[in-house]
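Student: Right, I'll just put the structure down here and ask away after.
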Amino acid sequence: QLQLVESGGGLVQPGGSLSLSCAASGDTLDYYGIGWFRQAPGKEREAVSCISSSGGSRNYADSVKGRFTMSRDNAKNKFYLKMNSPPPEDTAVYYCAAESLGSCTRRITMQHFDYWGQGSQVTVSS
């Protein structure tokens with residue numbers, strides 16, 4: 001059973017940068033599609049980004065394109081989300097997730113993801 005654990009959340013100033021990590025255990029990530037999602041206070045959970053198992057497909061939500069970069073390191077069984085110049089609107093609990101079909105569709109679909117981390121709070125504030 002794949003298990004995911006996020007780390008790296010915390011407080012970041014607007015215009016700064018923050019990196020989140022997701023460590024997998026119980027299985028290898030090699031064949032999984034992976035993604036990041038977030039849920040802001042009072043809002044529904046939304047997709048942020050995903051990468052397919054091959055790495056050939058990467059997609060980002062329009063709200064984070066050009067500011068966030070997602071990457072994976074299968075050798076370490078980890079994946080990452082780098083946030084650059086976040087505005088306060090990026091404040092949310094960020095979740096990493098994996099889906100067993102290995103895909104990353106242009107419209108990132110939460111229901112495709114089978115495994116979830118516990119979430120990591122990111123607060124953007126001066």
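So you can find residues: chains in the structure tokens are A, B, ... in the order shown, residues in each start at 1, and ligands are numbered from 1 in order.
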Mind the document's chain letters and residue numbers, and return as a VMD selection string the residues of chain A that DSSP labels helix (DSSP H, G or I).

Tutor: chain A and resid 29 to 31 88 to 90 110 to 112

Student: Per DSSP on the backbone, what are the strand (DSSP E) residues of segment 55-118 of chain A, as a list in words?

Tutor: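 Matching residues for strand (DSSP E) in segment 55-118 of chain A are Arg58, Asn59, Tyr60, Phe68, Thr69, Met70, Ser71, Arg72, Asp73, Lys78, Phe79, Tyr80, Leu81, Lys82, Met83, Asn84, Ala92, Val93, Tyr94, Tyr95, Cys96, Ala97, Ala98, Glu99, Tyr115 and Trp116 of chain A.
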
Student: Store the residues of this selection in a file with N, CA and C atoms, as a PDB file, in the first residue's frame.

Tutor:
```
ATOM      1  N   ARG A  58       3.113  16.869 -18.164  1.00  0.00           N
ATOM      2  CA  ARG A  58       3.072  17.731 -16.984  1.00  0.00           C
ATOM      3  C   ARG A  58       1.990  18.780 -17.217  1.00  0.00           C
ATOM      4  N   ASN A  59       1.194  18.979 -16.203  1.00  0.00           N
ATOM      5  CA  ASN A  59       0.129  19.971 -16.321  1.00  0.00           C
ATOM      6  C   ASN A  59       0.036  20.790 -15.041  1.00  0.00           C
ATOM      7  N   TYR A  60      -0.349  22.054 -15.229  1.00  0.00           N
ATOM      8  CA  TYR A  60      -0.493  22.973 -14.110  1.00  0.00           C
ATOM      9  C   TYR A  60      -1.835  23.682 -14.207  1.00  0.00           C
ATOM     10  N   PHE A  68       4.792  27.989 -10.182  1.00  0.00           N
ATOM     11  CA  PHE A  68       5.051  26.728  -9.490  1.00  0.00           C
ATOM     12  C   PHE A  68       5.740  25.767 -10.446  1.00  0.00           C
ATOM     13  N   THR A  69       6.642  24.959  -9.907  1.00  0.00           N
ATOM     14  CA  THR A  69       7.311  23.926 -10.684  1.00  0.00           C
ATOM     15  C   THR A  69       7.241  22.615  -9.926  1.00  0.00           C
ATOM     16  N   MET A  70       6.715  21.616 -10.596  1.00  0.00           N
ATOM     17  CA  MET A  70       6.632  20.283  -9.993  1.00  0.00           C
ATOM     18  C   MET A  70       7.693  19.394 -10.613  1.00  0.00           C
ATOM     19  N   SER A  71       8.285  18.527  -9.784  1.00  0.00           N
ATOM     20  CA  SER A  71       9.301  17.603 -10.285  1.00  0.00           C
ATOM     21  C   SER A  71       9.203  16.293  -9.520  1.00  0.00           C
ATOM     22  N   ARG A  72       9.815  15.265 -10.085  1.00  0.00           N
ATOM     23  CA  ARG A  72       9.820  13.964  -9.410  1.00  0.00           C
ATOM     24  C   ARG A  72      11.230  13.387  -9.462  1.00  0.00           C
ATOM     25  N   ASP A  73      11.561  12.624  -8.433  1.00  0.00           N
ATOM     26  CA  ASP A  73      12.844  11.930  -8.366  1.00  0.00           C
ATOM     27  C   ASP A  73      12.538  10.492  -7.988  1.00  0.00           C
ATOM     28  N   LYS A  78      10.477  10.278  -4.298  1.00  0.00           N
ATOM     29  CA  LYS A  78       9.945  11.550  -3.818  1.00  0.00           C
ATOM     30  C   LYS A  78       9.495  12.413  -4.994  1.00  0.00           C
ATOM     31  N   PHE A  79       8.638  13.385  -4.680  1.00  0.00           N
ATOM     32  CA  PHE A  79       8.367  14.427  -5.642  1.00  0.00           C
ATOM     33  C   PHE A  79       8.180  15.742  -4.911  1.00  0.00           C
ATOM     34  N   TYR A  80       8.194  16.829  -5.691  1.00  0.00           N
ATOM     35  CA  TYR A  80       8.370  18.148  -5.100  1.00  0.00           C
ATOM     36  C   TYR A  80       7.460  19.175  -5.772  1.00  0.00           C
ATOM     37  N   LEU A  81       7.228  20.253  -5.055  1.00  0.00           N
ATOM     38  CA  LEU A  81       6.541  21.412  -5.615  1.00  0.00           C
ATOM     39  C   LEU A  81       7.290  22.654  -5.163  1.00  0.00           C
ATOM     40  N   LYS A  82       7.809  23.391  -6.117  1.00  0.00           N
ATOM     41  CA  LYS A  82       8.508  24.636  -5.822  1.00  0.00           C
ATOM     42  C   LYS A  82       7.580  25.796  -6.114  1.00  0.00           C
ATOM     43  N   MET A  83       7.389  26.635  -5.106  1.00  0.00           N
ATOM     44  CA  MET A  83       6.490  27.777  -5.223  1.00  0.00           C
ATOM     45  C   MET A  83       7.337  29.047  -5.259  1.00  0.00           C
ATOM     46  N   ASN A  84       7.221  29.818  -6.316  1.00  0.00           N
ATOM     47  CA  ASN A  84       7.966  31.071  -6.448  1.00  0.00           C
ATOM     48  C   ASN A  84       7.003  32.259  -6.416  1.00  0.00           C
ATOM     49  N   ALA A  92      -2.958  27.831   1.752  1.00  0.00           N
ATOM     50  CA  ALA A  92      -3.830  26.655   1.707  1.00  0.00           C
ATOM     51  C   ALA A  92      -3.124  25.481   2.370  1.00  0.00           C
ATOM     52  N   VAL A  93      -3.882  24.424   2.573  1.00  0.00           N
ATOM     53  CA  VAL A  93      -3.281  23.137   2.917  1.00  0.00           C
ATOM     54  C   VAL A  93      -2.988  22.431   1.592  1.00  0.00           C
ATOM     55  N   TYR A  94      -1.736  22.038   1.422  1.00  0.00           N
ATOM     56  CA  TYR A  94      -1.306  21.392   0.186  1.00  0.00           C
ATOM     57  C   TYR A  94      -1.197  19.883   0.401  1.00  0.00           C
ATOM     58  N   TYR A  95      -1.753  19.137  -0.539  1.00  0.00           N
ATOM     59  CA  TYR A  95      -1.769  17.684  -0.458  1.00  0.00           C
ATOM     60  C   TYR A  95      -1.027  17.088  -1.652  1.00  0.00           C
ATOM     61  N   CYS A  96      -0.206  16.081  -1.400  1.00  0.00           N
ATOM     62  CA  CYS A  96       0.348  15.323  -2.512  1.00  0.00           C
ATOM     63  C   CYS A  96      -0.509  14.074  -2.708  1.00  0.00           C
ATOM     64  N   ALA A  97      -0.519  13.574  -3.920  1.00  0.00           N
ATOM     65  CA  ALA A  97      -1.371  12.443  -4.250  1.00  0.00           C
ATOM     66  C   ALA A  97      -0.757  11.635  -5.391  1.00  0.00           C
ATOM     67  N   ALA A  98      -1.204  10.394  -5.501  1.00  0.00           N
ATOM     68  CA  ALA A  98      -0.707   9.519  -6.563  1.00  0.00           C
ATOM     69  C   ALA A  98      -1.857   8.706  -7.132  1.00  0.00           C
ATOM     70  N   GLU A  99      -1.743   8.406  -8.437  1.00  0.00           N
ATOM     71  CA  GLU A  99      -2.781   7.607  -9.066  1.00  0.00           C
ATOM     72  C   GLU A  99      -2.140   6.452  -9.835  1.00  0.00           C
ATOM     73  N   TYR A 115      -4.244   7.728  -3.756  1.00  0.00           N
ATOM     74  CA  TYR A 115      -3.452   7.797  -2.525  1.00  0.00           C
ATOM     75  C   TYR A 115      -3.146   9.258  -2.218  1.00  0.00           C
ATOM     76  N   TRP A 116      -3.272   9.594  -0.926  1.00  0.00           N
ATOM     77  CA  TRP A 116      -3.153  10.986  -0.511  1.00  0.00           C
ATOM     78  C   TRP A 116      -2.265  11.117   0.712  1.00  0.00           C
TER      79      TRP A 116
END
```

Student: So that I can see what lies close to Pro87 of chain A, please list as a list in words the residues with an atom at most 9 Å from it, counting only C-alpha atoms and leaving out residues fewer than 4 positions away in the same chain.

Tutor: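 Near Pro87 of chain A, the qualifying residues are Gln13, Pro14, Gly15, Thr91, Val124 and Ser125 of chain A.
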
Student: Give the answer as one residue: which of A:Ser7, A:Ser57, A:Ser17, A:Thr28 has the shortest atom-to-atom distance to Arg106 of chain A, using only C-alpha atoms?

Tutor: A:Ser57

Student: Which residue out of A:Gly66, A:Thr123, A:Val12, A:Glu6 has the minimum interatomic distance to Trp36 of chain A when only C-alpha atoms are used?

Tutor: A:Glu6
